[in-house]
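Colleague: Hey, dropping data-v8.pdb in here, PDB, C-alpha atoms, pLDDT in the B column:
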ATOM      1  CA  GLY N 100     -78.628 174.049  51.878  1.00 83.00           C
ATOM      2  CA  ASP N 101     -81.464 172.781  49.746  1.00 88.00           C
ATOM      3  CA  SER N 102     -80.731 170.515  46.806  1.00 92.00           C
ATOM      4  CA  VAL N 103     -82.583 168.430  44.223  1.00 95.00           C
ATOM      5  CA  THR N 104     -81.182 165.450  42.349  1.00 95.00           C
ATOM      6  CA  GLN N 105     -82.817 164.049  39.226  1.00 93.00           C
ATOM      7  CA  MET N 106     -82.025 160.899  37.345  1.00 82.00           C
ATOM      8  CA  GLU N 107     -79.496 161.249  34.577  1.00 77.00           C
ATOM      9  CA  GLY N 108     -80.856 161.673  31.088  1.00 81.00           C
ATOM     10  CA  PRO N 109     -81.623 161.781  28.333  1.00 93.00           C
ATOM     11  CA  VAL N 110     -84.534 159.359  28.351  1.00 95.00           C
ATOM     12  CA  THR N 111     -85.779 157.925  25.058  1.00 96.00           C
ATOM     13  CA  LEU N 112     -89.043 155.983  24.911  1.00 96.00           C
ATOM     14  CA  SER N 113     -91.470 154.645  22.372  1.00 97.00           C
ATOM     15  CA  GLU N 114     -95.007 155.975  22.314  1.00 97.00           C
ATOM     16  CA  GLU N 115     -97.274 154.337  24.935  1.00 96.00           C
ATOM     17  CA  ALA N 116     -94.339 153.266  27.108  1.00 97.00           C
ATOM     18  CA  PHE N 117     -94.294 153.804  30.872  1.00 97.00           C
ATOM     19  CA  LEU N 118     -92.286 156.745  32.161  1.00 97.00           C
ATOM     20  CA  THR N 119     -90.508 157.217  35.470  1.00 97.00           C
ATOM     21  CA  ILE N 120     -88.177 160.117  36.221  1.00 97.00           C
ATOM     22  CA  ASN N 121     -86.618 159.892  39.663  1.00 97.00           C
ATOM     23  CA  CYS N 122     -86.236 162.910  41.915  1.00 97.00           C
ATOM     24  CA  THR N 123     -84.842 163.100  45.446  1.00 97.00           C
ATOM     25  CA  TYR N 124     -84.312 166.158  47.574  1.00 96.00           C
ATOM     26  CA  THR N 125     -82.559 167.565  50.618  1.00 94.00           C
ATOM     27  CA  ALA N 126     -84.218 170.431  52.436  1.00 90.00           C
ATOM     28  CA  THR N 127     -84.739 171.967  55.844  1.00 81.00           C
ATOM     29  CA  GLY N 128     -88.277 171.957  57.153  1.00 78.00           C
ATOM     30  CA  TYR N 129     -91.185 170.887  54.995  1.00 84.00           C
ATOM     31  CA  PRO N 130     -90.731 172.017  51.405  1.00 90.00           C
ATOM     32  CA  SER N 131     -93.294 172.179  48.645  1.00 90.00           C
ATOM     33  CA  LEU N 132     -92.362 170.061  45.645  1.00 93.00           C
ATOM     34  CA  PHE N 133     -92.933 170.769  41.964  1.00 94.00           C
ATOM     35  CA  TRP N 134     -92.454 169.301  38.528  1.00 96.00           C
ATOM     36  CA  TYR N 135     -91.991 171.834  35.747  1.00 95.00           C
ATOM     37  CA  VAL N 136     -91.915 171.085  32.012  1.00 96.00           C
ATOM     38  CA  GLN N 137     -90.092 173.035  29.320  1.00 93.00           C
ATOM     39  CA  TYR N 138     -91.061 172.562  25.679  1.00 92.00           C
ATOM     40  CA  PRO N 139     -88.542 173.579  23.005  1.00 86.00           C
ATOM     41  CA  GLY N 140     -88.045 177.337  22.794  1.00 82.00           C
ATOM     42  CA  GLU N 141     -90.381 178.063  25.684  1.00 85.00           C
ATOM     43  CA  GLY N 142     -90.213 178.945  29.352  1.00 87.00           C
ATOM     44  CA  LEU N 143     -91.044 176.589  32.178  1.00 90.00           C
ATOM     45  CA  GLN N 144     -94.615 175.623  32.957  1.00 92.00           C
ATOM     46  CA  LEU N 145     -95.873 174.014  36.131  1.00 92.00           C
ATOM     47  CA  LEU N 146     -96.822 170.388  35.508  1.00 95.00           C
ATOM     48  CA  LEU N 147     -97.849 169.387  39.026  1.00 95.00           C
ATOM     49  CA  LYS N 148     -97.152 170.117  42.673  1.00 92.00           C
ATOM     50  CA  ALA N 149     -97.496 168.705  46.188  1.00 93.00           C
ATOM     51  CA  THR N 150     -97.313 170.715  49.372  1.00 89.00           C
ATOM     52  CA  LYS N 151     -97.202 168.103  52.122  1.00 89.00           C
ATOM     53  CA  ALA N 152     -96.205 164.523  52.796  1.00 91.00           C
ATOM     54  CA  ASP N 153     -98.263 161.826  50.995  1.00 94.00           C
ATOM     55  CA  ASP N 154     -99.886 164.395  48.706  1.00 94.00           C
ATOM     56  CA  LYS N 155    -100.196 163.234  45.105  1.00 96.00           C
ATOM     57  CA  GLY N 156     -99.945 165.817  42.378  1.00 95.00           C
ATOM     58  CA  SER N 157    -101.424 164.961  38.994  1.00 96.00           C
ATOM     59  CA  ASN N 158    -101.954 166.623  35.629  1.00 95.00           C
ATOM     60  CA  LYS N 159    -102.213 165.513  31.984  1.00 94.00           C
ATOM     61  CA  GLY N 160    -101.738 161.860  32.986  1.00 96.00           C
ATOM     62  CA  PHE N 161     -98.576 162.593  34.976  1.00 98.00           C
ATOM     63  CA  GLU N 162     -98.416 161.805  38.691  1.00 98.00           C
ATOM     64  CA  ALA N 163     -95.955 162.273  41.545  1.00 98.00           C
ATOM     65  CA  THR N 164     -96.300 161.488  45.246  1.00 97.00           C
ATOM     66  CA  TYR N 165     -94.535 163.426  48.007  1.00 96.00           C
ATOM     67  CA  ARG N 166     -92.648 160.789  50.008  1.00 96.00           C
ATOM     68  CA  LYS N 167     -91.133 162.344  53.113  1.00 93.00           C
ATOM     69  CA  GLU N 168     -89.671 159.085  54.399  1.00 93.00           C
ATOM     70  CA  THR N 169     -87.591 158.614  51.241  1.00 95.00           C
ATOM     71  CA  THR N 170     -87.315 162.363  50.419  1.00 95.00           C
ATOM     72  CA  SER N 171     -88.522 161.617  46.903  1.00 97.00           C
ATOM     73  CA  PHE N 172     -90.983 162.983  44.343  1.00 97.00           C
ATOM     74  CA  HIS N 173     -90.735 160.666  41.336  1.00 98.00           C
ATOM     75  CA  LEU N 174     -92.631 161.576  38.170  1.00 98.00           C
ATOM     76  CA  GLU N 175     -94.643 158.842  36.410  1.00 98.00           C
ATOM     77  CA  LYS N 176     -96.883 158.499  33.396  1.00 98.00           C
ATOM     78  CA  GLY N 177     -98.501 155.287  32.281  1.00 96.00           C
ATOM     79  CA  SER N 178     -98.473 155.877  28.522  1.00 96.00           C
ATOM     80  CA  VAL N 179     -96.327 158.627  27.005  1.00 97.00           C
ATOM     81  CA  GLN N 180     -97.082 160.433  23.764  1.00 97.00           C
ATOM     82  CA  VAL N 181     -94.808 162.100  21.226  1.00 96.00           C
ATOM     83  CA  SER N 182     -96.146 165.431  22.463  1.00 95.00           C
ATOM     84  CA  ASP N 183     -94.630 164.724  25.918  1.00 97.00           C
ATOM     85  CA  SER N 184     -91.137 165.202  24.504  1.00 96.00           C
ATOM     86  CA  ALA N 185     -89.659 168.022  26.594  1.00 96.00           C
ATOM     87  CA  VAL N 186     -87.289 168.758  29.461  1.00 94.00           C
ATOM     88  CA  TYR N 187     -88.632 167.969  32.924  1.00 96.00           C
ATOM     89  CA  PHE N 188     -87.415 169.716  36.076  1.00 95.00           C
ATOM     90  CA  CYS N 189     -88.010 168.702  39.653  1.00 96.00           C
ATOM     91  CA  ALA N 190     -87.932 171.631  42.076  1.00 93.00           C
ATOM     92  CA  LEU N 191     -88.585 172.544  45.685  1.00 92.00           C
ATOM     93  CA  SER N 192     -89.483 175.635  47.636  1.00 88.00           C
ATOM     94  CA  SER N 193     -88.733 175.715  51.341  1.00 81.00           C
ATOM     95  CA  GLY N 194     -91.414 178.269  52.153  1.00 69.00           C
ATOM     96  CA  GLY N 195     -91.196 180.640  55.093  1.00 65.00           C
ATOM     97  CA  THR N 196     -88.513 183.256  54.557  1.00 63.00           C
ATOM     98  CA  SER N 197     -87.369 181.629  51.326  1.00 64.00           C
ATOM     99  CA  TYR N 198     -89.716 184.074  49.554  1.00 69.00           C
ATOM    100  CA  GLY N 199     -90.801 181.463  47.049  1.00 78.00           C
ATOM    101  CA  LYS N 200     -87.304 180.784  45.773  1.00 85.00           C
ATOM    102  CA  LEU N 201     -87.050 177.542  43.817  1.00 88.00           C
ATOM    103  CA  THR N 202     -84.201 175.056  43.885  1.00 91.00           C
ATOM    104  CA  PHE N 203     -84.106 172.994  40.692  1.00 92.00           C
ATOM    105  CA  GLY N 204     -82.740 169.649  39.697  1.00 93.00           C
ATOM    106  CA  GLN N 205     -80.572 169.480  36.600  1.00 92.00           C
ATOM    107  CA  GLY N 206     -83.428 168.550  34.273  1.00 93.00           C
ATOM    108  CA  THR N 207     -84.182 165.367  32.326  1.00 94.00           C
ATOM    109  CA  ILE N 208     -84.598 165.430  28.567  1.00 94.00           C
ATOM    110  CA  LEU N 209     -87.394 163.128  27.413  1.00 96.00           C
ATOM    111  CA  THR N 210     -87.751 162.114  23.779  1.00 96.00           C
ATOM    112  CA  VAL N 211     -90.713 159.984  22.710  1.00 97.00           C
ATOM    113  CA  HIS N 212     -90.652 158.266  19.310  1.00 96.00           C
ATOM    114  CA  PRO N 213     -93.747 157.170  17.367  1.00 94.00           C
TER     115      PRO N 213
ATOM    116  CA  ASN P 198    -102.890 187.516  28.722  1.00 56.00           C
ATOM    117  CA  ALA P 199     -99.162 188.295  28.533  1.00 71.00           C
ATOM    118  CA  GLY P 200     -97.977 187.003  31.934  1.00 91.00           C
ATOM    119  CA  VAL P 201     -94.200 187.493  32.126  1.00 94.00           C
ATOM    120  CA  THR P 202     -92.553 189.247  29.182  1.00 95.00           C
ATOM    121  CA  GLN P 203     -88.799 189.234  28.617  1.00 96.00           C
ATOM    122  CA  THR P 204     -86.845 191.326  26.134  1.00 96.00           C
ATOM    123  CA  PRO P 205     -84.840 190.745  24.078  1.00 96.00           C
ATOM    124  CA  LYS P 206     -85.303 187.095  23.099  1.00 94.00           C
ATOM    125  CA  PHE P 207     -81.802 186.761  21.650  1.00 95.00           C
ATOM    126  CA  GLN P 208     -78.622 188.786  22.002  1.00 95.00           C
ATOM    127  CA  VAL P 209     -74.982 188.430  21.042  1.00 96.00           C
ATOM    128  CA  LEU P 210     -72.408 190.488  22.923  1.00 95.00           C
ATOM    129  CA  LYS P 211     -68.670 190.885  22.840  1.00 96.00           C
ATOM    130  CA  THR P 212     -66.626 190.336  25.980  1.00 97.00           C
ATOM    131  CA  GLY P 213     -66.627 193.496  28.083  1.00 96.00           C
ATOM    132  CA  GLN P 214     -69.847 194.960  26.694  1.00 97.00           C
ATOM    133  CA  SER P 215     -72.724 195.813  28.993  1.00 96.00           C
ATOM    134  CA  MET P 216     -76.355 194.870  28.605  1.00 96.00           C
ATOM    135  CA  THR P 217     -79.655 195.057  30.477  1.00 97.00           C
ATOM    136  CA  LEU P 218     -82.237 192.298  30.238  1.00 97.00           C
ATOM    137  CA  GLN P 219     -85.767 193.492  30.784  1.00 97.00           C
ATOM    138  CA  CYS P 220     -88.632 191.672  32.488  1.00 97.00           C
ATOM    139  CA  ALA P 221     -92.191 192.798  33.104  1.00 97.00           C
ATOM    140  CA  GLN P 222     -95.194 191.000  34.588  1.00 95.00           C
ATOM    141  CA  ASP P 223     -98.833 192.012  34.427  1.00 94.00           C
ATOM    142  CA  MET P 224    -100.211 189.756  37.178  1.00 91.00           C
ATOM    143  CA  ASN P 225     -99.641 192.193  40.071  1.00 91.00           C
ATOM    144  CA  HIS P 226     -97.220 189.723  41.656  1.00 90.00           C
ATOM    145  CA  ASN P 227     -95.085 190.803  44.575  1.00 89.00           C
ATOM    146  CA  SER P 228     -91.991 188.649  44.013  1.00 90.00           C
ATOM    147  CA  MET P 229     -89.776 188.414  40.956  1.00 93.00           C
ATOM    148  CA  TYR P 230     -86.742 186.282  40.138  1.00 94.00           C
ATOM    149  CA  TRP P 231     -83.902 185.950  37.668  1.00 96.00           C
ATOM    150  CA  TYR P 232     -82.487 182.510  36.837  1.00 96.00           C
ATOM    151  CA  ARG P 233     -79.878 181.274  34.425  1.00 96.00           C
ATOM    152  CA  GLN P 234     -80.147 177.904  32.699  1.00 93.00           C
ATOM    153  CA  ASP P 235     -77.056 176.009  31.673  1.00 91.00           C
ATOM    154  CA  PRO P 236     -76.868 172.503  30.199  1.00 83.00           C
ATOM    155  CA  GLY P 237     -76.810 169.799  32.845  1.00 80.00           C
ATOM    156  CA  MET P 238     -77.232 172.291  35.690  1.00 81.00           C
ATOM    157  CA  GLY P 239     -80.911 173.096  35.757  1.00 87.00           C
ATOM    158  CA  LEU P 240     -81.885 176.646  36.654  1.00 91.00           C
ATOM    159  CA  ARG P 241     -79.883 178.602  39.196  1.00 93.00           C
ATOM    160  CA  LEU P 242     -81.127 181.706  40.964  1.00 93.00           C
ATOM    161  CA  ILE P 243     -79.157 184.878  40.268  1.00 96.00           C
ATOM    162  CA  TYR P 244     -81.147 187.516  42.160  1.00 96.00           C
ATOM    163  CA  TYR P 245     -84.647 187.907  43.456  1.00 93.00           C
ATOM    164  CA  SER P 246     -86.937 190.631  44.685  1.00 93.00           C
ATOM    165  CA  ALA P 247     -89.354 189.574  47.400  1.00 88.00           C
ATOM    166  CA  SER P 248     -91.310 192.809  47.049  1.00 87.00           C
ATOM    167  CA  GLU P 249     -91.081 196.205  45.407  1.00 89.00           C
ATOM    168  CA  GLY P 250     -88.072 198.080  46.752  1.00 89.00           C
ATOM    169  CA  THR P 251     -86.096 195.018  47.865  1.00 91.00           C
ATOM    170  CA  THR P 252     -83.553 192.838  46.103  1.00 95.00           C
ATOM    171  CA  ASP P 253     -81.377 189.980  47.339  1.00 94.00           C
ATOM    172  CA  LYS P 254     -78.658 187.737  46.008  1.00 95.00           C
ATOM    173  CA  GLY P 255     -79.349 184.211  44.953  1.00 92.00           C
ATOM    174  CA  GLU P 256     -76.985 181.337  44.310  1.00 91.00           C
ATOM    175  CA  VAL P 257     -74.911 182.877  41.478  1.00 95.00           C
ATOM    176  CA  PRO P 258     -74.984 186.713  41.719  1.00 97.00           C
ATOM    177  CA  ASN P 259     -71.390 187.535  40.732  1.00 96.00           C
ATOM    178  CA  GLY P 260     -71.139 189.680  37.609  1.00 96.00           C
ATOM    179  CA  TYR P 261     -74.779 190.787  37.732  1.00 97.00           C
ATOM    180  CA  ASN P 262     -76.836 193.634  39.147  1.00 97.00           C
ATOM    181  CA  VAL P 263     -80.596 194.037  39.332  1.00 97.00           C
ATOM    182  CA  SER P 264     -83.151 196.799  39.664  1.00 96.00           C
ATOM    183  CA  ARG P 265     -86.745 196.456  40.800  1.00 95.00           C
ATOM    184  CA  LEU P 266     -87.982 199.500  38.943  1.00 88.00           C
ATOM    185  CA  ASN P 267     -91.574 199.180  40.149  1.00 94.00           C
ATOM    186  CA  LYS P 268     -93.929 196.357  40.987  1.00 94.00           C
ATOM    187  CA  ARG P 269     -94.138 195.268  37.340  1.00 96.00           C
ATOM    188  CA  GLU P 270     -90.520 195.441  36.212  1.00 97.00           C
ATOM    189  CA  PHE P 271     -87.327 193.708  37.289  1.00 97.00           C
ATOM    190  CA  SER P 272     -84.203 194.178  35.169  1.00 97.00           C
ATOM    191  CA  LEU P 273     -80.909 192.277  35.132  1.00 98.00           C
ATOM    192  CA  ARG P 274     -77.700 194.052  34.144  1.00 97.00           C
ATOM    193  CA  LEU P 275     -74.386 192.651  32.999  1.00 96.00           C
ATOM    194  CA  GLU P 276     -71.841 195.455  33.482  1.00 93.00           C
ATOM    195  CA  SER P 277     -68.920 193.756  31.740  1.00 95.00           C
ATOM    196  CA  ALA P 278     -70.004 190.595  29.965  1.00 95.00           C
ATOM    197  CA  ALA P 279     -67.818 187.485  30.102  1.00 96.00           C
ATOM    198  CA  PRO P 280     -68.041 184.274  28.043  1.00 96.00           C
ATOM    199  CA  SER P 281     -68.995 182.387  31.234  1.00 96.00           C
ATOM    200  CA  GLN P 282     -72.237 184.368  31.243  1.00 97.00           C
ATOM    201  CA  THR P 283     -73.367 182.774  27.988  1.00 97.00           C
ATOM    202  CA  SER P 284     -76.641 181.190  29.021  1.00 97.00           C
ATOM    203  CA  VAL P 285     -80.405 181.302  28.761  1.00 95.00           C
ATOM    204  CA  TYR P 286     -81.886 183.738  31.265  1.00 97.00           C
ATOM    205  CA  PHE P 287     -85.360 183.341  32.689  1.00 95.00           C
ATOM    206  CA  CYS P 288     -87.417 185.805  34.649  1.00 96.00           C
ATOM    207  CA  ALA P 289     -90.231 184.575  36.886  1.00 94.00           C
ATOM    208  CA  SER P 290     -92.829 186.035  39.219  1.00 93.00           C
ATOM    209  CA  LEU P 291     -94.873 184.827  42.186  1.00 88.00           C
ATOM    210  CA  ASP P 292     -97.706 186.180  44.271  1.00 80.00           C
ATOM    211  CA  ARG P 293     -96.087 186.229  47.717  1.00 65.00           C
ATOM    212  CA  GLY P 294     -97.692 184.313  50.505  1.00 57.00           C
ATOM    213  CA  LEU P 295     -99.369 181.709  48.355  1.00 56.00           C
ATOM    214  CA  ILE P 296     -98.265 178.198  47.519  1.00 60.00           C
ATOM    215  CA  GLN P 297     -98.376 178.810  43.819  1.00 67.00           C
ATOM    216  CA  PRO P 298     -96.059 178.043  40.997  1.00 72.00           C
ATOM    217  CA  GLN P 299     -93.749 180.660  39.715  1.00 82.00           C
ATOM    218  CA  HIS P 300     -94.743 182.032  36.310  1.00 89.00           C
ATOM    219  CA  PHE P 301     -91.894 182.087  33.829  1.00 92.00           C
ATOM    220  CA  GLY P 302     -91.106 184.180  30.796  1.00 93.00           C
ATOM    221  CA  ASP P 303     -89.932 182.572  27.562  1.00 91.00           C
ATOM    222  CA  GLY P 304     -86.285 183.377  28.233  1.00 93.00           C
ATOM    223  CA  THR P 305     -83.461 185.434  26.744  1.00 95.00           C
ATOM    224  CA  ARG P 306     -80.746 183.499  24.942  1.00 95.00           C
ATOM    225  CA  LEU P 307     -77.490 185.405  25.470  1.00 96.00           C
ATOM    226  CA  SER P 308     -74.200 184.590  23.749  1.00 96.00           C
ATOM    227  CA  ILE P 309     -70.973 186.329  24.706  1.00 96.00           C
ATOM    228  CA  LEU P 310     -68.073 186.029  22.314  1.00 95.00           C
TER     229      LEU P 310
END
Represent the structure of the file as structure tokens.
Modeller:
Amino acid sequence: GDSVTQMEGPVTLSEEAFLTINCTYTATGYPSLFWYVQYPGEGLQLLLKATKADDKGSNKGFEATYRKETTSFHLEKGSVQVSDSAVYFCALSSGGTSYGKLTFGQGTILTVHP
Amino acid sequence: NAGVTQTPKFQVLKTGQSMTLQCAQDMNHNSMYWYRQDPGMGLRLIYYSASEGTTDKGEVPNGYNVSRLNKREFSLRLESAAPSQTSVYFCASLDRGLIQPQHFGDGTRLSIL
């Protein structure tokens, strides 16, 4: 079945540091890939997505590229801010008869200090 | 501009009690989902409803039942709560057929003593 593996957390950075959160996946067919973010006390919000190989999703300074050859979708940001402190989830949807179901990674807690 | 609304936001139950978690969406979406979130495990799908009138099991359905009451509402019922069901529960919706993100509610934090 489908699965998503994220790097172990938590991750603690200083403001303006470079961020990478690794994500690899196993799926049948050609899944769509997502990064969701969860701020304290809130539900999940879509951060970015990519629907086919070599697509780059980007939003709010975050980027991730769909790498089919390495089955990866790593999240990066060049300069993090305190306001980026949150939990980040990598997820995939296999499409077709999956009816939009999402398979999530375990989440990575990011804390950014001033 | 409500999106997906879940009630209640918090609940404490005793083992063996029953409870229904409510979810409603105002975006005219076809598909709805229930997930549970546990530390270190991400979100896991409990049940989903691809369209009004249909429901199917997800990854962790044991101990739960669901009802797709109409296109807007999708409820999750715990018939006899167990401590292992202590979790944060999220409802989500999606407009079927489109590569779009799921829209999530703010969650229900459920503790079972």
Colleague: Only residues of chain P matter here; which ones have an atom within 7 Å of chain N, counting only C-alpha atoms? Give them as number ranges by chain.
Modeller: P: 237-240, 247, 293, 298, 301-304
Colleague: Between atom CA of P:Leu218 and atom CA of P:Tyr232, measure the distance and give it in Å to one decimal.
Modeller: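 Value for the atom CA of P:Leu218-atom CA of P:Tyr232 distance: 11.8 Å.
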Colleague: Running the PyMOL selection byres ((chain P and resi 200-207) around 9) on this model by hand, what would come out? Give it as a list in words.
Modeller: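 This file, filtered by the PyMOL selection byres ((chain P and resi 200-207) around 9), leaves Asn198, Ala199, Gln208, Val209, Leu218, Gln219, Cys220, Ala221, Gln222, Asp223, Met224, Phe287, Cys288, Ala289, Ser290, His300, Phe301, Gly302, Asp303, Gly304, Thr305, Arg306, Leu307 and Ser308 of chain P.
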Colleague: Which neighbours of N:Ser178 fall inside 9 Å, counting only C-alpha atoms, when residues of the same chain fewer than 2 positions from it are skipped, and could you give them as a PDB file with C-alpha atoms, in the frame of the given file?
Modeller:
ATOM      1  CA  GLU N 114     -95.007 155.975  22.314  1.00 97.00           C
ATOM      2  CA  GLU N 115     -97.274 154.337  24.935  1.00 96.00           C
ATOM      3  CA  ALA N 116     -94.339 153.266  27.108  1.00 97.00           C
ATOM      4  CA  PHE N 117     -94.294 153.804  30.872  1.00 97.00           C
ATOM      5  CA  LEU N 118     -92.286 156.745  32.161  1.00 97.00           C
ATOM      6  CA  GLY N 160    -101.738 161.860  32.986  1.00 96.00           C
ATOM      7  CA  LYS N 176     -96.883 158.499  33.396  1.00 98.00           C
ATOM      8  CA  GLN N 180     -97.082 160.433  23.764  1.00 97.00           C
TER       9      GLN N 180
END
Colleague: To one decimal place, how far is atom CA of N:Gly128 from atom CA of N:Asp154 in Å?
Modeller: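 These atoms are spaced 16.2 Å apart.
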Colleague: Pull the neighbourhood of (-87.0, 191.7, 46.8) for me: all residues within 12 Å in file coordinates, counting all atoms listed in the file, as a PDB file with C-alpha atoms, in the coordinates of the input.
Modeller:
ATOM      1  CA  THR N 196     -88.513 183.256  54.557  1.00 63.00           C
ATOM      2  CA  SER N 197     -87.369 181.629  51.326  1.00 64.00           C
ATOM      3  CA  TYR N 198     -89.716 184.074  49.554  1.00 69.00           C
ATOM      4  CA  GLY N 199     -90.801 181.463  47.049  1.00 78.00           C
ATOM      5  CA  LYS N 200     -87.304 180.784  45.773  1.00 85.00           C
TER       6      LYS N 200
ATOM      7  CA  HIS P 226     -97.220 189.723  41.656  1.00 90.00           C
ATOM      8  CA  ASN P 227     -95.085 190.803  44.575  1.00 89.00           C
ATOM      9  CA  SER P 228     -91.991 188.649  44.013  1.00 90.00           C
ATOM     10  CA  MET P 229     -89.776 188.414  40.956  1.00 93.00           C
ATOM     11  CA  TYR P 230     -86.742 186.282  40.138  1.00 94.00           C
ATOM     12  CA  TRP P 231     -83.902 185.950  37.668  1.00 96.00           C
ATOM     13  CA  TYR P 244     -81.147 187.516  42.160  1.00 96.00           C
ATOM     14  CA  TYR P 245     -84.647 187.907  43.456  1.00 93.00           C
ATOM     15  CA  SER P 246     -86.937 190.631  44.685  1.00 93.00           C
ATOM     16  CA  ALA P 247     -89.354 189.574  47.400  1.00 88.00           C
ATOM     17  CA  SER P 248     -91.310 192.809  47.049  1.00 87.00           C
ATOM     18  CA  GLU P 249     -91.081 196.205  45.407  1.00 89.00           C
ATOM     19  CA  GLY P 250     -88.072 198.080  46.752  1.00 89.00           C
ATOM     20  CA  THR P 251     -86.096 195.018  47.865  1.00 91.00           C
ATOM     21  CA  THR P 252     -83.553 192.838  46.103  1.00 95.00           C
ATOM     22  CA  ASP P 253     -81.377 189.980  47.339  1.00 94.00           C
ATOM     23  CA  LYS P 254     -78.658 187.737  46.008  1.00 95.00           C
ATOM     24  CA  GLY P 255     -79.349 184.211  44.953  1.00 92.00           C
ATOM     25  CA  VAL P 263     -80.596 194.037  39.332  1.00 97.00           C
ATOM     26  CA  SER P 264     -83.151 196.799  39.664  1.00 96.00           C
ATOM     27  CA  ARG P 265     -86.745 196.456  40.800  1.00 95.00           C
ATOM     28  CA  LEU P 266     -87.982 199.500  38.943  1.00 88.00           C
ATOM     29  CA  ASN P 267     -91.574 199.180  40.149  1.00 94.00           C
ATOM     30  CA  LYS P 268     -93.929 196.357  40.987  1.00 94.00           C
ATOM     31  CA  GLU P 270     -90.520 195.441  36.212  1.00 97.00           C
ATOM     32  CA  PHE P 271     -87.327 193.708  37.289  1.00 97.00           C
ATOM     33  CA  SER P 290     -92.829 186.035  39.219  1.00 93.00           C
ATOM     34  CA  LEU P 291     -94.873 184.827  42.186  1.00 88.00           C
ATOM     35  CA  ARG P 293     -96.087 186.229  47.717  1.00 65.00           C
TER      36      ARG P 293
END
Colleague: Please measure the separation of atom CA of P:Ile309 and atom CA of P:Glu276, giving the value in Å to one decimal.
Modeller: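 Straight-line distance from atom CA of P:Ile309 to atom CA of P:Glu276 works out to 12.7 Å.
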Colleague: For the structure provided, state which residues fall under the PyMOL selection byres ((chain N and resi 166) around 10), and present them as a PyMOL selection string.
Modeller: chain N and resi 123+151-155+163-165+167-173
Colleague: Around stretch 197-207 of chain N, fit a box with edges along x, y and z, padding it by 6 Å on each side, then list its centre and edge lengths in Å to one decimal as lines of an AutoDock Vina configuration file.
Modeller:
center_x = -85.7
center_y = 174.7
center_z = 41.8
size_x = 22.2
size_y = 30.7
size_z = 31.0
Colleague: I'd like to know which of N:Leu112, N:Val136, N:Asn121, N:Ser102 is closest to N:Val181, using all atoms listed in the file.
Modeller: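 Closest residue, counting all atoms listed in the file: N:Leu112.
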